[in-house]
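**Student:** Here's a structure for you.
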Amino acid sequence: MPSSRYIFPHKHLLGIQPLSPQDITAILDQALAFEEVCERPNIKIVPALRKKLVVNLFFENSTRTRNSFEIAEKRLSAEIINFDADTSSLTKGETLIDTAMNLQAMHPDLIVMRHSAPGAHALLSRHMKASIINAGDGAHEHPTQALLDAYTLRKRFGRLEGLRVAIVGDIRNSRVVRSNLWLLTKMGAKVTLVGPPTLVPQELKATWPTISISHDFDAVIPDQDAIMMLRAQFERGTGAYIPGQGEYSRFYQLNPARMKRARKDVVVLHPGPINRGLEITSDVADGPNNLILDQVTNGVPVRMAVLYLLSNQHGEQVP
Amino acid sequence: MPAAPGPCPMDSGQMEATLHRLATDLVARLQPQEELVLLGIRSRGLPLAERLALLLRAATGATVPVGALDITLYRDDLTEMVGSPIVRPTEIPFTLTDRTVVLVDDVLYTGRTVRAAMDALLDHGRPHRVMLLVLAERSGRELPIQADLAGLRVEIPKGHRVAVRLKEIDGEDGVTVEAC
C-alpha cells in the first residue's frame with residue numbers, strides 16, 4: 001500500500017503505459033474505499049467531486065462504459081454534461097480542436113472521452129486545462145477496463161504478481177488487450193496471448209518481451225489462473241482474418257469441454273458485450289468460474305478512483 | 001521539521017490512566033437501554049476506539065462494536081487540495097440507526113474533521129445521538145463543535161501542534177506539544 005504521503009502524479013489518464021506499478025496500486029487501493037461506498041445499504045454517494053464539472057465526450061457509441069462512468073461521477077457528486085458526437089456540431093464539420101476550445105470555454109474539470117483515433121486524447125490534453133480520461137481509443141488503449149480487470153483479479157487472488165493470465169481471441173482488433181498488456185506486465189503477471197495467427201500479431205512481443213503467444217488454446221488452458229475472453233468483433237473486421245465463425249469457435253471458444261482442462265479455481269473474464277455461443281458458451285459465461293458481472297460491478301469504484309485521483313491535479317504534472 | 005518535543009503533557013502510563021477514566025466517564029453518561037457503538041476516525045482515532053472498546057468490555061462485560069471512519073472524502077477543503085490523498089475504506093459493518101455513536105479521535109482542534117465525520121456517519125444511518133470523545137482537546141476551534149469527553153485540555157498558540165503517538169501506529173504511546 002502506498003504511504004500516506006504518496007500523491008498520484010498524473011494529470012491525465014491517457015493510457016496504462018505512462019503509469020508506474022505504484023500508480024496502478026494506488027488506483028486499485030483507492031477503488032477499495034469506493035467499493036465500500038457502492039456497497040452501502042442506503043446512501044451510495046460521497047461529496048468528493050462536489051462543484052467539479054465532468055464532461056462525457058463520446059465520439060463512439062459505448063453504452064456500458066459511459067453508463068459506468070456516469071454512475072461513478074454521480075456517486076462522487078460531480079456535475080455532469082453528456083456531449084454526444086451525433087448531436088454536436090461535429091457533424092457540421094467542427095474539428096476536434098474547435099470542440100476542445102469550446103469545451104474549455106465552459107471550464108470543465110474533467111473530460112471522459114471515447115474517440116476512435118489513438119492520438120485524440122493526447123491532442124485534446126494539449127489544448128485543455130481539464131484532466132482527460134481515455135474511455136477507449138480505437139484499438140490502442142482502454143485504461144479503465146484494464147484497471148477494473150486488474151481490480152477483479154486482485155480481489156479474487158490477493159495479488160497480480162505471478163498470476164498466469166491467458167487473453168484469448170481477437171487480439172488484433174482489441175483496445176482492451178493493449179491496456180491489459182501494459183498493466184499485467186508492469187505488475188508482474190505472466191500473460192499468454194491466444195488466438196489464430198492472423199489475429200495475434202507477433203510484433204506485440206517487441207513491445208512486451210515477457211509475454212507468450214500461443215495458437216493452441218487447449219494446450220494453454222491447464223496452466224492458467226485466469227482466462228480473459230475477448231469479444232470476436234465481426235463488426236470491427238474480425239471476419240476478414242479468419243475462415244469463419246464455426247472454425248473460430250472450434251479452436252478458440254471457451255466451452256464446457258475446455259473448462260474441464262482448466263484448474264478448478266480458474267476465473268473467466270470477459271469485457272463484454274458477450275457473443276454467446278461464439279467466443280464463449282452460455283453455460284461457461286454464467287457458470288461458477290465466471291467473474292463477468294463482478295467486472296461490471298467493479299467498474300464503478302475503479303472509475304470513481306480514477307476520477308477522484310485526477311480531480312485535484314491543478315499544477316503542471318506528468319501527463 | 002518540528003522542533004524537539006516540548007513539555008510532555010502525557011506519557012504512556014498517563015495515557016493508559018486517561019483512557020481508563022474516559023471509559024468510566026463514558027459509561028456514566030449512558031442511559032439504560034442505550035446501545036453504544038464506537039467509530040474511530042482514521043488514522044489515530046481507530047486504535048484509540050479499539051482500546052476503549054476493550055476497557056468498556058472489562059468494565060461492563062458488554063462487547064461494543066468498533067467501526068472505522070475515513071473522513072477525507074467529506075473534507076471541506078478537499079477540492080482545494082493539490083493532489084488527492086489516497087483514502088482507506090470506511091468500515092462500519094453494523095447499523096448506526098438508533099444507536100448511540102461515540103466518535104473517537106486523537107485531537108480536537110479546528111473542529112473541521114469532526115464536522116466531516118458527522119456528515120460521513122449520517123450517510124450510514126440515523127443514530128439516536130452522537131457524542132465526541134478525544135484524547136486531547138486544544139484551543140483554536142473554527143466551528144461550533146466541542147468534545148463531550150476529553151482526556152486532556154490544553155491552551156496552545158497557533159503554530160504549535162498536539163502530537164499524539166500510539167503504539168499501534170508509532171511504536172510508542174505519548175502526547176507532546178510541538179512547534180509546527
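If you're wondering about the labels, chains in the C-alpha cells are A, B, ... by order shown, residues count from 1 in each chain, ligands from 1 in order shown.
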Write out as a PDB file with C-alpha atoms, in the first residue's frame each polymer residue whose atoms come within 8 Å of region 275-279 of chain A, counting only C-alpha atoms; drop sequence neighbours fewer than 4 positions from it.

**Tutor:**
ATOM      1  CA  GLY A 169      -9.434 -14.208 -29.181  1.00  0.00           C
ATOM      2  CA  MET A 229     -12.026 -13.999 -23.324  1.00  0.00           C
ATOM      3  CA  LEU A 230     -12.259 -11.188 -25.852  1.00  0.00           C
ATOM      4  CA  ARG A 231     -15.219 -10.289 -27.956  1.00  0.00           C
ATOM      5  CA  ALA A 232     -14.963 -11.564 -31.541  1.00  0.00           C
ATOM      6  CA  GLN A 245     -17.251 -18.220 -37.163  1.00  0.00           C
ATOM      7  CA  TYR A 248     -13.165 -19.783 -34.842  1.00  0.00           C
ATOM      8  CA  SER A 249     -15.442 -21.389 -32.263  1.00  0.00           C
ATOM      9  CA  TYR A 252     -10.983 -20.722 -29.589  1.00  0.00           C
ATOM     10  CA  GLN A 253     -14.394 -20.936 -27.943  1.00  0.00           C
ATOM     11  CA  LEU A 254     -14.420 -21.342 -24.170  1.00  0.00           C
ATOM     12  CA  ALA A 285     -20.381 -17.342 -19.218  1.00  0.00           C
TER      13      ALA A 285
END

**Student:** Report as a PyMOL selection string all protein, DNA and RNA residues lying within 8 Å of region 47-53 of chain A, evaluated on only C-alpha atoms, omitting residues in the same chain fewer than 4 positions from it.

**Tutor:** (chain A and resi 73+76-81+107-110+308+311) or (chain B and resi 73-74+78-79)

**Student:** Could you list, as a PyMOL selection string, every residue within 7 Å of region 7-16 of chain A, counting only C-alpha atoms and ignoring same-chain residues fewer than 3 positions away?

**Tutor:** (chain A and resi 19+23+121-122+131-134+141-143+179+182-183+309-310+313+317-319) or (chain B and resi 83-85)

**Student:** Quick one: distance from CA of Pro243 (chain A) to CA of Ala117 (chain A) in Å, one decimal?

**Tutor:**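 Atom-to-atom, CA of Pro243 (chain A) and CA of Ala117 (chain A) are spaced 28.3 Å apart.
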
**Student:** Give me the residues within 12 Å of Val162 (chain B) as JSON, numbers by chain, counting only C-alpha atoms and dropping any in the same chain fewer than 6 places off.

**Tutor:** {"B": [2, 5, 6, 7, 8, 9, 10, 106, 107, 108, 109, 135, 136, 137, 138, 139, 140, 152, 153, 154, 155, 156, 174, 175, 176, 177, 178, 179, 180]}

**Student:** Those same residues - C-alpha atoms - I'd like them written as a CSV table (one decimal), in the first residue's frame.

**Tutor:**
chain,number,residue,atom,x,y,z
B,2,PRO,CA,9.1,20.0,14.1
B,5,PRO,CA,9.3,17.7,21.6
B,6,GLY,CA,8.2,20.3,24.1
B,7,PRO,CA,6.7,19.8,27.5
B,8,CYS,CA,5.2,16.3,27.7
B,9,PRO,CA,1.5,16.5,28.6
B,10,MET,CA,1.1,12.7,28.7
B,106,ASP,CA,-6.9,11.8,19.0
B,107,VAL,CA,-7.0,15.6,18.9
B,108,LEU,CA,-9.9,18.1,18.6
B,109,TYR,CA,-8.5,21.4,17.1
B,135,LEU,CA,-7.7,12.1,23.9
B,136,ALA,CA,-6.7,15.8,23.7
B,137,GLU,CA,-8.7,19.0,23.1
B,138,ARG,CA,-6.8,22.1,22.2
B,139,SER,CA,-7.7,25.7,21.6
B,140,GLY,CA,-8.4,27.0,18.1
B,152,LEU,CA,-6.7,16.5,28.3
B,153,ARG,CA,-7.5,20.1,27.6
B,154,VAL,CA,-4.6,22.4,26.6
B,155,GLU,CA,-4.4,26.1,25.6
B,156,ILE,CA,-1.6,26.3,23.0
B,174,GLY,CA,2.7,9.6,24.3
B,175,VAL,CA,1.4,13.1,23.8
B,176,THR,CA,3.6,16.1,23.2
B,177,VAL,CA,3.2,19.7,22.2
B,178,GLU,CA,5.5,20.7,19.3
B,179,ALA,CA,6.2,23.7,17.1
B,180,CYS,CA,4.9,23.0,13.5

**Student:** Would you kindly report the residues of chain B within 12 Å of chain A, using only C-alpha atoms, as a PyMOL selection string?

**Tutor:** chain B and resi 42-43+68-97+116+119-126

**Student:** Go ahead and save the residues from that selection, with C-alpha atoms, as an mmCIF file, in the first residue's frame.

**Tutor:**
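Below you can see result15.cif, which holds the result:
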data_model
loop_
_atom_site.group_PDB
_atom_site.id
_atom_site.type_symbol
_atom_site.label_atom_id
_atom_site.label_comp_id
_atom_site.auth_asym_id
_atom_site.auth_seq_id
_atom_site.Cartn_x
_atom_site.Cartn_y
_atom_site.Cartn_z
ATOM 1 C CA ARG B 42 -8.680 7.273 10.806
ATOM 2 C CA SER B 43 -5.929 7.093 11.470
ATOM 3 C CA ALA B 68 -13.502 2.934 11.219
ATOM 4 C CA LEU B 69 -14.321 6.216 9.530
ATOM 5 C CA ASP B 70 -12.148 7.846 6.859
ATOM 6 C CA ILE B 71 -13.395 11.406 6.523
ATOM 7 C CA THR B 72 -11.150 12.543 3.642
ATOM 8 C CA LEU B 73 -13.954 12.487 1.043
ATOM 9 C CA TYR B 74 -16.046 14.778 3.279
ATOM 10 C CA ARG B 75 -13.341 17.374 3.989
ATOM 11 C CA ASP B 76 -14.451 20.938 3.252
ATOM 12 C CA ASP B 77 -11.067 21.706 1.669
ATOM 13 C CA LEU B 78 -10.855 18.555 -0.467
ATOM 14 C CA THR B 79 -11.453 20.294 -3.796
ATOM 15 C CA GLU B 80 -8.795 22.908 -2.985
ATOM 16 C CA MET B 81 -6.101 20.354 -2.218
ATOM 17 C CA VAL B 82 -3.239 19.770 -4.616
ATOM 18 C CA GLY B 83 -3.371 16.057 -5.302
ATOM 19 C CA SER B 84 -5.982 13.713 -3.897
ATOM 20 C CA PRO B 85 -4.913 11.778 -0.821
ATOM 21 C CA ILE B 86 -5.444 8.019 -1.020
ATOM 22 C CA VAL B 87 -8.473 7.210 1.103
ATOM 23 C CA ARG B 88 -8.823 3.981 3.033
ATOM 24 C CA PRO B 89 -12.177 2.251 3.301
ATOM 25 C CA THR B 90 -14.681 3.232 5.916
ATOM 26 C CA GLU B 91 -15.629 0.088 7.821
ATOM 27 C CA ILE B 92 -18.963 0.166 9.578
ATOM 28 C CA PRO B 93 -20.236 -3.435 9.397
ATOM 29 C CA PHE B 94 -23.221 -2.720 11.663
ATOM 30 C CA THR B 95 -26.188 -0.370 11.685
ATOM 31 C CA LEU B 96 -25.930 3.086 13.246
ATOM 32 C CA THR B 97 -29.660 3.658 13.277
ATOM 33 C CA ALA B 116 -16.792 15.985 8.181
ATOM 34 C CA ASP B 119 -21.609 14.187 7.576
ATOM 35 C CA ALA B 120 -19.919 10.869 6.829
ATOM 36 C CA LEU B 121 -21.615 8.909 9.585
ATOM 37 C CA LEU B 122 -25.069 10.316 8.817
ATOM 38 C CA ASP B 123 -24.735 8.754 5.341
ATOM 39 C CA HIS B 124 -24.608 5.392 7.123
ATOM 40 C CA GLY B 125 -27.751 5.778 9.225
ATOM 41 C CA ARG B 126 -29.621 7.894 11.745
#

**Student:** What residues in region 7-171 of chain B get the DSSP label strand (DSSP E or B)? Please answer as JSON, numbers by chain.

**Tutor:** {"B": [10, 36, 37, 38, 39, 40, 41, 66, 67, 68, 69, 91, 100, 101, 102, 103, 104, 105, 106, 107, 108, 129, 130, 131, 132, 133, 134, 135, 136, 137, 138, 149, 150, 153, 154, 160, 161, 162, 163, 164, 165]}

**Student:** Please compute the CA of Thr198 (chain A)-CA of Arg172 (chain A) distance, one decimal, in Å.

**Tutor:**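 Atom-to-atom, CA of Thr198 (chain A) and CA of Arg172 (chain A) are spaced 8.1 Å apart.
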
**Student:** Name the residues of region 145-221 of chain A that come out as alpha helix (DSSP H) in a backbone DSSP run; write them as JSON, numbers by chain.

**Tutor:** {"A": [145, 146, 147, 148, 149, 150, 151, 152, 153, 154, 155, 156, 157, 175, 176, 177, 178, 179, 180, 181, 182, 183, 184, 185, 186, 204, 205, 206, 207, 217, 218, 219, 220]}

**Student:** Name all residues at most 7 Å from region 24-39 of chain B (count only C-alpha atoms; drop same-chain ones fewer than 6 positions away) and give them as a VMD selection string.

**Tutor:** chain B and resid 49 64 to 69 99 to 104

**Student:** Would you mind exporting N, CA and C atoms of the selected residues as an mmCIF file, in the first residue's frame?

**Tutor:**
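The resulting file, again-v7.cif, is reproduced below:
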data_model
loop_
_atom_site.group_PDB
_atom_site.id
_atom_site.type_symbol
_atom_site.label_atom_id
_atom_site.label_comp_id
_atom_site.auth_asym_id
_atom_site.auth_seq_id
_atom_site.Cartn_x
_atom_site.Cartn_y
_atom_site.Cartn_z
ATOM 1 N N ALA B 49 -10.200 3.924 19.653
ATOM 2 C CA ALA B 49 -11.540 3.343 19.796
ATOM 3 C C ALA B 49 -11.438 1.862 20.157
ATOM 4 N N VAL B 64 -18.664 -3.871 22.659
ATOM 5 C CA VAL B 64 -19.070 -2.668 21.930
ATOM 6 C C VAL B 64 -18.491 -2.725 20.516
ATOM 7 N N PRO B 65 -19.338 -2.651 19.486
ATOM 8 C CA PRO B 65 -18.808 -2.689 18.119
ATOM 9 C C PRO B 65 -17.939 -1.469 17.821
ATOM 10 N N VAL B 66 -16.867 -1.688 17.067
ATOM 11 C CA VAL B 66 -15.970 -0.594 16.676
ATOM 12 C C VAL B 66 -15.936 -0.504 15.157
ATOM 13 N N GLY B 67 -16.161 0.695 14.641
ATOM 14 C CA GLY B 67 -16.054 0.934 13.202
ATOM 15 C C GLY B 67 -14.949 1.927 12.914
ATOM 16 N N ALA B 68 -14.551 2.005 11.638
ATOM 17 C CA ALA B 68 -13.502 2.934 11.219
ATOM 18 C C ALA B 68 -14.074 3.904 10.198
ATOM 19 N N LEU B 69 -13.801 5.176 10.406
ATOM 20 C CA LEU B 69 -14.321 6.216 9.530
ATOM 21 C C LEU B 69 -13.142 6.939 8.889
ATOM 22 N N ARG B 99 -28.642 3.847 17.371
ATOM 23 C CA ARG B 99 -27.544 3.579 18.301
ATOM 24 C C ARG B 99 -27.000 4.898 18.854
ATOM 25 N N THR B 100 -26.274 4.774 19.952
ATOM 26 C CA THR B 100 -25.505 5.914 20.449
ATOM 27 C C THR B 100 -24.097 5.792 19.892
ATOM 28 N N VAL B 101 -23.742 6.736 19.027
ATOM 29 C CA VAL B 101 -22.456 6.676 18.344
ATOM 30 C C VAL B 101 -21.460 7.577 19.061
ATOM 31 N N VAL B 102 -20.325 7.013 19.433
ATOM 32 C CA VAL B 102 -19.262 7.832 20.001
ATOM 33 C C VAL B 102 -18.150 7.946 18.968
ATOM 34 N N LEU B 103 -17.964 9.162 18.467
ATOM 35 C CA LEU B 103 -16.847 9.438 17.568
ATOM 36 C C LEU B 103 -15.584 9.550 18.406
ATOM 37 N N VAL B 104 -14.534 8.878 17.974
ATOM 38 C CA VAL B 104 -13.284 8.883 18.732
ATOM 39 C C VAL B 104 -12.166 9.424 17.853
#

**Student:** To one decimal place in Å, what is the distance between CA of Val112 (chain A) and CA of His140 (chain A)?

**Tutor:**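 Result for CA of Val112 (chain A) versus CA of His140 (chain A): 16.0 Å, one decimal.
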
**Student:** Neighbouring residues of region 50-63 of chain B were defined as those with any atom within 7 Å, considering only C-alpha atoms; residues of the same chain fewer than 6 positions away were excluded. Please report them as a list in words.

**Tutor:** Leu19, His20 and Ala23 of chain B

**Student:** Convert the current residue selection to file output with C-alpha atoms, as an mmCIF file, in the first residue's frame.

**Tutor:**
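Saved result, part.cif, follows:
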data_model
loop_
_atom_site.group_PDB
_atom_site.id
_atom_site.type_symbol
_atom_site.label_atom_id
_atom_site.label_comp_id
_atom_site.auth_asym_id
_atom_site.auth_seq_id
_atom_site.Cartn_x
_atom_site.Cartn_y
_atom_site.Cartn_z
ATOM 1 C CA LEU B 19 -8.238 6.057 28.666
ATOM 2 C CA HIS B 20 -9.466 4.219 31.786
ATOM 3 C CA ALA B 23 -14.146 4.722 29.542
#
